[in-house]
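*Asks:* I am sharing protein39.txt, which consists of compact mmCIF, C-alpha atoms:
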# COMPACT_ATOMS: atom_id res chain seq x y z
CA MET G 1 9.06 -8.53 -14.01
CA SER G 2 6.49 -10.22 -11.83
CA ILE G 3 4.04 -8.84 -9.26
CA ARG G 4 1.90 -11.18 -7.18
CA ILE G 5 -0.60 -10.53 -4.39
CA GLN G 6 -1.44 -13.85 -2.76
CA THR G 7 -2.60 -15.50 0.45
CA GLY G 8 -0.11 -18.39 0.19
CA ASP G 9 3.53 -18.48 1.26
CA PHE G 10 6.47 -18.14 -1.15
CA ASP G 11 9.84 -19.83 -1.61
CA LEU G 12 12.73 -17.35 -1.67
CA GLY G 13 15.05 -19.88 -3.31
CA ALA G 14 12.61 -20.60 -6.13
CA GLU G 15 12.02 -16.90 -6.77
CA VAL G 16 15.74 -16.09 -6.91
CA ALA G 17 16.34 -19.13 -9.15
CA ALA G 18 13.63 -17.92 -11.54
CA LEU G 19 15.16 -14.45 -11.64
CA ARG G 20 18.58 -15.89 -12.49
CA ALA G 21 17.27 -18.42 -15.00
CA ALA G 22 15.36 -15.76 -16.94
CA ASP G 23 18.43 -13.72 -17.85
CA PRO G 24 22.08 -14.84 -18.16
CA ALA G 25 23.21 -11.20 -17.92
CA VAL G 26 22.13 -11.09 -14.25
CA GLY G 27 25.29 -10.92 -12.16
CA ALA G 28 23.74 -9.78 -8.87
CA VAL G 29 20.52 -10.57 -7.03
CA VAL G 30 19.37 -8.66 -3.94
CA ALA G 31 16.30 -9.96 -2.13
CA PHE G 32 14.43 -8.49 0.83
CA VAL G 33 11.99 -10.60 2.87
CA GLY G 34 9.71 -8.94 5.42
CA CYS G 35 8.29 -11.14 8.22
CA VAL G 36 5.67 -10.88 10.96
CA ARG G 37 7.28 -10.02 14.32
CA ASP G 38 5.92 -11.44 17.57
CA ARG G 39 6.02 -8.01 19.23
CA ASN G 40 5.05 -4.49 18.11
CA ASP G 41 4.78 -1.24 20.05
CA GLY G 42 5.25 -3.04 23.37
CA SER G 43 2.63 -5.76 22.88
CA GLU G 44 2.81 -9.41 22.00
CA VAL G 45 1.38 -10.09 18.57
CA SER G 46 -0.30 -13.47 18.06
CA ALA G 47 -1.70 -12.88 14.56
CA MET G 48 -1.80 -10.31 11.78
CA GLU G 49 -4.49 -9.75 9.16
CA LEU G 50 -3.46 -8.00 5.94
CA GLU G 51 -6.05 -6.18 3.85
CA HIS G 52 -5.50 -4.54 0.46
CA TYR G 53 -7.32 -2.64 -2.28
CA PRO G 54 -7.50 -5.03 -5.25
CA GLY G 55 -6.85 -3.20 -8.49
CA MET G 56 -5.22 -0.16 -6.93
CA THR G 57 -2.52 -2.32 -5.32
CA GLU G 58 -1.41 -3.68 -8.68
CA THR G 59 -1.63 -0.24 -10.34
CA VAL G 60 0.56 1.38 -7.66
CA ILE G 61 3.16 -1.39 -7.66
CA GLU G 62 3.36 -1.39 -11.48
CA ALA G 63 3.93 2.38 -11.47
CA THR G 64 6.62 2.04 -8.79
CA LEU G 65 8.28 -0.70 -10.78
CA ALA G 66 8.28 1.45 -13.93
CA GLU G 67 9.92 4.25 -11.93
CA ALA G 68 12.54 1.86 -10.56
CA ARG G 69 13.36 0.62 -14.06
CA ALA G 70 13.78 4.21 -15.26
CA ARG G 71 16.04 5.12 -12.32
CA PHE G 72 18.19 2.02 -11.92
CA ASP G 73 19.98 -0.30 -14.32
CA ILE G 74 18.08 -3.46 -13.36
CA ARG G 75 17.20 -6.56 -15.39
CA GLY G 76 14.51 -8.40 -13.44
CA VAL G 77 12.21 -7.93 -10.45
CA ARG G 78 9.94 -10.29 -8.53
CA ILE G 79 7.55 -8.77 -5.99
CA ILE G 80 5.22 -10.85 -3.82
CA HIS G 81 2.98 -9.38 -1.11
CA ARG G 82 0.85 -11.69 0.98
CA VAL G 83 -2.64 -10.80 2.25
CA GLY G 84 -5.03 -12.50 4.66
CA LEU G 85 -4.30 -14.03 8.04
CA LEU G 86 -0.64 -14.44 9.02
CA GLN G 87 1.19 -15.65 12.13
CA PRO G 88 4.41 -14.42 13.76
CA GLN G 89 7.48 -15.52 11.78
CA ASP G 90 5.44 -15.84 8.57
CA GLN G 91 6.86 -14.17 5.49
CA ILE G 92 4.85 -11.11 4.37
CA VAL G 93 6.67 -9.57 1.45
CA LEU G 94 9.41 -10.32 -1.05
CA VAL G 95 11.23 -7.86 -3.28
CA ALA G 96 13.96 -9.53 -5.35
CA VAL G 97 15.95 -7.57 -7.91
CA GLY G 98 18.43 -8.84 -10.50
CA SER G 99 20.97 -6.61 -12.22
CA ALA G 100 24.33 -6.91 -13.94
CA HIS G 101 26.21 -5.47 -10.95
CA ARG G 102 25.29 -5.24 -7.27
CA GLY G 103 24.95 -1.46 -6.84
CA SER G 104 21.75 -1.04 -8.78
CA ALA G 105 20.18 -4.19 -7.32
CA PHE G 106 20.78 -2.97 -3.73
CA ALA G 107 19.46 0.52 -4.52
CA ALA G 108 16.43 -0.63 -6.51
CA CYS G 109 15.44 -3.17 -3.84
CA GLU G 110 15.43 -0.45 -1.17
CA PHE G 111 13.64 2.00 -3.46
CA LEU G 112 10.90 -0.56 -4.17
CA MET G 113 10.45 -1.50 -0.49
CA ASP G 114 10.30 2.16 0.64
CA HIS G 115 7.57 2.79 -1.94
CA LEU G 116 5.68 -0.42 -1.14
CA LYS G 117 5.49 0.54 2.53
CA THR G 118 4.18 4.06 1.96
CA GLN G 119 2.39 4.06 -1.42
CA ALA G 120 0.77 0.64 -1.91
CA PRO G 121 -2.71 0.22 -0.35
CA PHE G 122 -2.14 -2.43 2.30
CA TRP G 123 -3.31 -2.31 5.92
CA LYS G 124 -2.24 -4.49 8.85
CA LYS G 125 -4.40 -5.43 11.82
CA GLU G 126 -2.72 -7.09 14.79
CA THR G 127 -4.14 -9.38 17.43
CA THR G 128 -2.60 -8.67 20.86
CA PRO G 129 -3.57 -9.75 24.42
CA GLN G 130 -5.49 -6.43 24.64
CA GLY G 131 -7.54 -7.21 21.50
CA THR G 132 -7.16 -6.32 17.83
CA ARG G 133 -5.77 -3.00 16.58
CA TRP G 134 -4.90 -1.41 13.23
CA VAL G 135 -1.18 -0.78 12.90
CA ASP G 136 -0.16 2.89 12.76
CA ALA G 137 1.95 4.22 9.90
CA ARG G 138 5.50 5.06 10.93
CA LEU G 139 7.02 8.48 10.31
CA SER G 140 10.33 6.70 9.71
CA ASP G 141 8.76 5.06 6.64
CA ASP G 142 7.84 8.48 5.22
CA ALA G 143 11.38 9.68 5.93
CA ALA G 144 12.77 6.64 4.13
CA LEU G 145 10.62 7.48 1.11
CA ALA G 146 11.52 11.17 1.14
CA ARG G 147 15.23 10.54 0.63
CA TRP G 148 14.52 9.23 -2.90
CA ASN G 149 12.90 12.49 -3.92
CA PRO G 150 13.30 15.50 -1.60
CA THR G 151 10.53 17.39 -3.43
CA ASP G 152 7.98 14.55 -3.47
CA PRO G 153 4.60 16.17 -2.66
CA ALA G 154 2.87 12.85 -1.90
CA THR G 155 2.88 13.15 1.89
CA PRO G 156 -0.04 12.10 4.09
CA GLU G 157 -2.43 14.69 5.53
CA ALA G 158 -1.04 14.52 9.06
CA THR G 159 2.45 15.61 8.09
CA ARG G 160 1.50 18.55 5.92
CA MET U 1 -24.36 10.95 -11.68
CA ARG U 2 -23.43 7.75 -9.93
CA VAL U 3 -20.22 7.29 -7.97
CA ASN U 4 -18.85 4.10 -6.44
CA LEU U 5 -17.42 4.44 -2.96
CA ARG U 6 -14.89 2.06 -1.42
CA TYR U 7 -13.77 1.98 2.19
CA PHE U 8 -10.86 0.11 3.73
CA ALA U 9 -9.46 -1.00 7.09
CA ALA U 10 -10.82 0.94 10.11
CA ILE U 11 -13.10 3.02 7.87
CA ARG U 12 -14.54 -0.15 6.28
CA GLU U 13 -15.32 -1.53 9.73
CA VAL U 14 -17.62 1.44 10.35
CA LEU U 15 -19.12 2.07 6.90
CA GLY U 16 -18.90 -1.27 5.10
CA GLU U 17 -16.90 -2.12 1.98
CA HIS U 18 -18.87 -0.39 -0.70
CA GLU U 19 -21.71 1.99 -1.48
CA VAL U 20 -23.08 3.72 -4.57
CA ILE U 21 -24.39 7.28 -4.34
CA ASP U 22 -25.87 9.89 -6.67
CA VAL U 23 -24.07 13.24 -6.71
CA PRO U 24 -24.21 16.37 -8.91
CA ALA U 25 -21.83 16.46 -11.89
CA GLY U 26 -18.63 18.41 -11.31
CA ILE U 27 -18.40 17.60 -7.61
CA THR U 28 -14.92 17.37 -6.08
CA VAL U 29 -13.69 14.60 -3.80
CA GLY U 30 -13.70 17.09 -0.90
CA GLU U 31 -17.31 18.13 -1.56
CA LEU U 32 -18.28 14.48 -1.83
CA ARG U 33 -16.62 13.83 1.52
CA ASP U 34 -18.51 16.77 3.10
CA ARG U 35 -21.81 15.37 1.78
CA LEU U 36 -21.09 11.93 3.16
CA MET U 37 -20.06 13.34 6.54
CA ALA U 38 -23.25 15.40 6.74
CA GLY U 39 -25.32 12.31 5.94
CA SER U 40 -24.74 10.21 9.05
CA ALA U 41 -22.91 10.21 12.37
CA ASP U 42 -20.97 7.11 11.30
CA HIS U 43 -19.76 8.82 8.12
CA ALA U 44 -18.87 11.98 10.07
CA ARG U 45 -16.78 9.91 12.47
CA ALA U 46 -15.14 7.57 9.96
CA LEU U 47 -14.27 10.19 7.33
CA VAL U 48 -13.12 13.02 9.62
CA ARG U 49 -10.06 14.72 8.12
CA GLY U 50 -6.56 14.25 9.49
CA GLN U 51 -4.65 11.39 11.13
CA GLY U 52 -3.19 10.58 7.75
CA ARG U 53 -6.49 9.49 6.19
CA ARG U 54 -6.23 9.54 2.42
CA CYS U 55 -8.47 9.38 -0.61
CA ALA U 56 -8.05 7.89 -4.07
CA LEU U 57 -9.86 8.54 -7.33
CA ASN U 58 -9.92 5.64 -9.80
CA HIS U 59 -7.06 3.82 -8.02
CA VAL U 60 -4.76 6.85 -7.78
CA ILE U 61 -4.16 8.77 -4.52
CA CYS U 62 -5.68 12.22 -5.00
CA GLU U 63 -6.16 15.61 -3.41
CA GLU U 64 -9.63 16.70 -2.32
CA SER U 65 -9.69 19.18 -5.21
CA ALA U 66 -9.87 16.29 -7.71
CA VAL U 67 -13.09 16.35 -9.75
CA VAL U 68 -15.22 13.21 -9.72
CA THR U 69 -16.63 11.97 -13.03
CA GLU U 70 -19.59 9.70 -13.86
CA GLY U 71 -18.98 6.11 -12.76
CA ALA U 72 -15.77 7.00 -10.90
CA GLU U 73 -14.51 4.98 -7.95
CA VAL U 74 -13.63 7.06 -4.90
CA ALA U 75 -11.92 5.38 -1.95
CA PHE U 76 -11.23 6.54 1.60
CA PHE U 77 -8.70 4.81 3.82
CA PRO U 78 -6.39 5.23 6.81
CA PRO U 79 -2.57 5.47 6.52
CA LEU U 80 -0.98 2.66 4.51
CA THR U 81 0.91 0.04 6.51
CA GLY U 82 2.06 -2.62 4.06
CA GLY U 83 5.47 -4.18 3.54
The structure given in the file should be rewritten as structure tokens.

*Replies:*
Amino acid sequence: MSIRIQTGDFDLGAEVAALRAADPAVGAVVAFVGCVRDRNDGSEVSAMELEHYPGMTETVIEATLAEARARFDIRGVRIIHRVGLLQPQDQIVLVAVGSAHRGSAFAACEFLMDHLKTQAPFWKKETTPQGTRWVDARLSDDAALARWNPTDPATPEATR
Amino acid sequence: MRVNLRYFAAIREVLGEHEVIDVPAGITVGELRDRLMAGSADHARALVRGQGRRCALNHVICEESAVVTEGAEVAFFPPLTGG
């Protein structure tokens, strides 16, 4: 299990290779890579700055990872989230999951991403032709989280 | 007792990254927020409730009823947009 918050880029191939090399019982690897898009909410995006809450970020991701391990039969996870200044087409986030069979790797990867998006303290600020703006949270991300636990009380103020 | 405050994203841009304040023992996060908002127009604007703004006590997202202890770290921030 590995969690990294870093400014530098990452190599998907190297991360998947490490996951496989660490455990010969891994028969399936599912990896999600999130990237910076050049458009958002109708505006061109020329840059994106990612801020986080050092300490809390790691605590939240570790707790999410522990929950994923309890829920799914998985053998290895590598999570990388970049912070700092990024450009369109840059990689932002990696969640790679290894398991014996594909079902749990697919499910755990989605579970981890849905929690990362809504529970981990990261904030994105975009640069557009109109200036800079903080990105709004999406209700669809909360809906994606809710399907994992219909009674989850951890909803933001606005939706209560 | 002393409490460490942390602000992030749009709230940080108004209030700065960090401040330390003295508050009475037994205060809740909500009461702390009310005190801060009464203290300055910037705090009142940046910490206004709603729009998905959240608070955390010692690195865990909390309700405003959470009780703050000596040396605690309380953070206020807008909706999370990682991933």

*Asks:* Out of G:Arg138, G:His101, G:Lys125, G:Lys117, which residue has the shortest atom-to-atom distance to chain U when counting all atoms listed in the file?

*Replies:*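 Looking at the shortest contact to chain U, the residue is G:Lys117.
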
*Asks:* Taking all atoms listed in the file into account, find every residue of chain U that has an atom no more than 6 Å from chain G, and write it out as a list in words.

*Replies:*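 Result, ordered by chain then number: Gly50, Gln51, Gly52, His59, Pro79, Leu80, Thr81, Gly82 and Gly83 of chain U.
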
*Asks:* With distances taken over all atoms listed in the file, which residue among U:Ala41, U:Arg49, U:Ser65, U:Gly16 lies nearest Val29 in chain U?

*Replies:*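 Smallest distance to Val29 in chain U is found for U:Ser65.
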
*Asks:* Between CA of Ala14 in chain G and CA of Phe111 in chain G, what is the spacing in Å?

*Replies:*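 If I compute the distance from CA of Phe111 in chain G to CA of Ala14 in chain G, I get 22.8 Å.
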
*Asks:* Given all atoms listed in the file as the basis, pick out the residue of G:Asp73, G:Glu44, G:Glu49, G:Asp11 nearest to Ala28 in chain G.

*Replies:*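 Result for the nearest residue to Ala28 in chain G: G:Asp73.
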
*Asks:* Env of Asn58 in chain U: 9 Å cut, atoms = all atoms listed in the file, seq-sep filter 4 positions within chain, self excluded. Answer as a PyMOL selection string.

*Replies:* (chain G and resi 56) or (chain U and resi 72-75)

*Asks:* CA of Asp34 in chain U and CA of Glu64 in chain U are how many Å apart?

*Replies:*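 Rounded to one decimal, the two atoms are 10.4 Å apart.
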
*Asks:* Please list as a list in words every residue within 10 Å of Arg12 in chain U, counting all atoms listed in the file and excluding residues in the same chain fewer than 5 positions away.

*Replies:*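 The residues that qualify are Arg6, Tyr7, Glu17, His18, Ala46, Phe76, Phe77 and Pro78 of chain U.
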